[in-house]
Each structure stands twice: as structure tokens, then as C-alpha cells.
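In what follows, a structure is listed as C-alpha cells, so that the remarks can point back to it.
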Amino acid sequence: MDLLSALHSFVRVAATGSFSAVSRETGVSQPTISRHIALLEAHYGTTLFARTTRSLTMTEDGSSLLPPASEVLELLATAETVLGRRRPSVSGFVTRGVTTAFRFRP
């Protein structure tokens with residue numbers, strides 16, 4: 001299981017209150033978001049959201065997990081930013097050769 005992806009899905013579902021909204025914003029299917037939450041619930045051995053057909057409510061355990069999960073994701077984003085600044089940017093020319101069979105003909 002990709003724990004970071006699952007934590008990201010959990011934090012976004014907690015913020016939006018909707019699996020479908022997270023699916024739309026991330027471009028990941030709704031069943032995948034649901035699977036992330038189910039995998040987290042299995043991993044931690046608890047229920048994170050109380051679900052009905054009409055509502056989604058975070059449980060007490062879900063509320064307890066939210067602050068550290070958010071902190072982990074923030075620390076990861078900070079690490080990405082710090083290391084990203086050190087990477088040299090790509091510069092220079094790119095040359096590409098093709099055979100005459102692929103020559104452009106208007």
C-alpha cells in the first residue's frame with residue numbers, strides 16, 4: 001500500500017467531506033479514493049469515516065489521525081521544496097535527428 005497516497009486521500013476527504021470531490025480534484029477514480037480509505041482503515045484497524053448514502057462523518061479515530069497526517073504531508077511538501085531548489089535546472093539545446101521517411105511535407 002502506498003501510505004502517502006492513502007494519507008493524502010484521507011486528508012482531502014476530511015477537508016472536502018466527499019470522496020467524489022477528491023476524485024475530481026486529483027483525477028483519480030472514486031473507487032480508488034474509497035480503496036485508499038479502506039486500506040488506511042485496515043492498516044490502523046479502525047473506522048475513519050462513518051458513511052451512509054447521504055452523509056460522510058469523520059469518526060473520533062479519524063479526527064485523531066487528521067492532525068498528524070496533515071503534518072506528515074506538510075513536512076513532505078517542505079522537503080520537496082527544499083530539495084527542489086538545489087536541483088540545477090535543465091538548460092541547453094536539444095537536437096533530434098530523423099530519417100527522410102519522416103520528413104514533414106505540407
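By convention here, the chains of the C-alpha cells are called A, B, ... in the order presented, each chain's residues are numbered starting at 1, and ligands are numbered starting at 1 in the order presented.
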
Enumerate as a PyMOL selection string all residues of chain A assigned to helix (DSSP H, G or I) by DSSP on the backbone, naming them with the chain letters and numbers the document uses. chain A and resi 3-16+19-26+30-44+60-86+100-102

Output C-alpha atoms of each residue in that selection to a file, as an mmCIF file, in the first residue's frame.
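Saved to part39.cif:
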```cif
data_model
loop_
_atom_site.group_PDB
_atom_site.id
_atom_site.type_symbol
_atom_site.label_atom_id
_atom_site.label_comp_id
_atom_site.auth_asym_id
_atom_site.auth_seq_id
_atom_site.Cartn_x
_atom_site.Cartn_y
_atom_site.Cartn_z
ATOM 1 C CA LEU A 3 0.655 5.004 2.638
ATOM 2 C CA LEU A 4 1.391 8.565 1.497
ATOM 3 C CA SER A 5 -1.203 8.445 -1.279
ATOM 4 C CA ALA A 6 -3.725 7.000 1.131
ATOM 5 C CA LEU A 7 -2.955 9.691 3.722
ATOM 6 C CA HIS A 8 -3.302 12.371 1.061
ATOM 7 C CA SER A 9 -6.700 10.971 0.069
ATOM 8 C CA PHE A 10 -7.744 10.833 3.742
ATOM 9 C CA VAL A 11 -6.751 14.459 4.394
ATOM 10 C CA ARG A 12 -8.520 15.685 1.238
ATOM 11 C CA VAL A 13 -11.701 13.684 2.010
ATOM 12 C CA ALA A 14 -11.677 15.144 5.529
ATOM 13 C CA ALA A 15 -11.309 18.656 4.082
ATOM 14 C CA THR A 16 -13.927 18.326 1.346
ATOM 15 C CA PHE A 19 -14.961 11.073 -1.944
ATOM 16 C CA SER A 20 -16.260 12.319 -5.302
ATOM 17 C CA ALA A 21 -14.857 15.827 -4.819
ATOM 18 C CA VAL A 22 -11.407 14.393 -4.088
ATOM 19 C CA SER A 23 -11.722 12.166 -7.126
ATOM 20 C CA ARG A 24 -12.460 15.158 -9.343
ATOM 21 C CA GLU A 25 -9.688 17.334 -7.895
ATOM 22 C CA THR A 26 -6.994 14.645 -8.108
ATOM 23 C CA GLN A 30 -13.737 7.480 -6.851
ATOM 24 C CA PRO A 31 -13.335 3.732 -6.207
ATOM 25 C CA THR A 32 -9.583 4.290 -5.853
ATOM 26 C CA ILE A 33 -10.141 7.038 -3.269
ATOM 27 C CA SER A 34 -12.544 4.731 -1.440
ATOM 28 C CA ARG A 35 -9.962 1.936 -1.603
ATOM 29 C CA HIS A 36 -7.301 4.282 -0.125
ATOM 30 C CA ILE A 37 -9.548 4.970 2.845
ATOM 31 C CA ALA A 38 -10.406 1.277 3.256
ATOM 32 C CA LEU A 39 -6.690 0.395 3.187
ATOM 33 C CA LEU A 40 -5.935 3.014 5.851
ATOM 34 C CA GLU A 41 -8.785 1.691 7.963
ATOM 35 C CA ALA A 42 -7.414 -1.840 7.631
ATOM 36 C CA HIS A 43 -3.862 -0.653 8.338
ATOM 37 C CA TYR A 44 -4.861 1.170 11.534
ATOM 38 C CA GLU A 60 -13.239 10.081 16.646
ATOM 39 C CA ASP A 61 -10.312 7.981 15.399
ATOM 40 C CA GLY A 62 -10.402 9.828 12.091
ATOM 41 C CA SER A 63 -10.304 13.153 13.928
ATOM 42 C CA SER A 64 -7.319 11.893 15.926
ATOM 43 C CA LEU A 65 -5.451 10.846 12.774
ATOM 44 C CA LEU A 66 -6.066 14.072 10.847
ATOM 45 C CA PRO A 67 -3.514 16.391 12.568
ATOM 46 C CA PRO A 68 -0.516 14.028 12.316
ATOM 47 C CA ALA A 69 -1.478 13.009 8.760
ATOM 48 C CA SER A 70 -1.634 16.662 7.726
ATOM 49 C CA GLU A 71 1.722 17.318 9.388
ATOM 50 C CA VAL A 72 3.365 14.408 7.569
ATOM 51 C CA LEU A 73 2.114 15.718 4.215
ATOM 52 C CA GLU A 74 3.269 19.264 5.032
ATOM 53 C CA LEU A 75 6.741 18.006 6.008
ATOM 54 C CA LEU A 76 6.963 16.047 2.775
ATOM 55 C CA ALA A 77 5.974 19.121 0.752
ATOM 56 C CA THR A 78 8.618 21.167 2.587
ATOM 57 C CA ALA A 79 11.281 18.560 1.848
ATOM 58 C CA GLU A 80 10.299 18.564 -1.822
ATOM 59 C CA THR A 81 10.553 22.355 -1.938
ATOM 60 C CA VAL A 82 13.929 22.496 -0.194
ATOM 61 C CA LEU A 83 15.500 19.801 -2.337
ATOM 62 C CA GLY A 84 13.837 21.130 -5.459
ATOM 63 C CA ARG A 85 15.687 24.437 -5.038
ATOM 64 C CA ARG A 86 19.051 22.664 -5.074
ATOM 65 C CA THR A 100 13.964 11.271 -44.562
ATOM 66 C CA ALA A 101 10.987 8.912 -44.381
ATOM 67 C CA PHE A 102 9.609 11.078 -41.557
#
```

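Of the residues in range 7-92 of chain A, those given strand (DSSP E) by DSSP on the backbone are Phe49, Ala50, Arg51, Leu56, Thr57 and Met58 of chain A.
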
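For the pair CA of Thr52 in chain A and CA of Asp2 in chain A, the separation is 26.2 Å.
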
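Coordinates place CA of Gly17 in chain A at a distance of 12.4 Å from CA of Thr59 in chain A.
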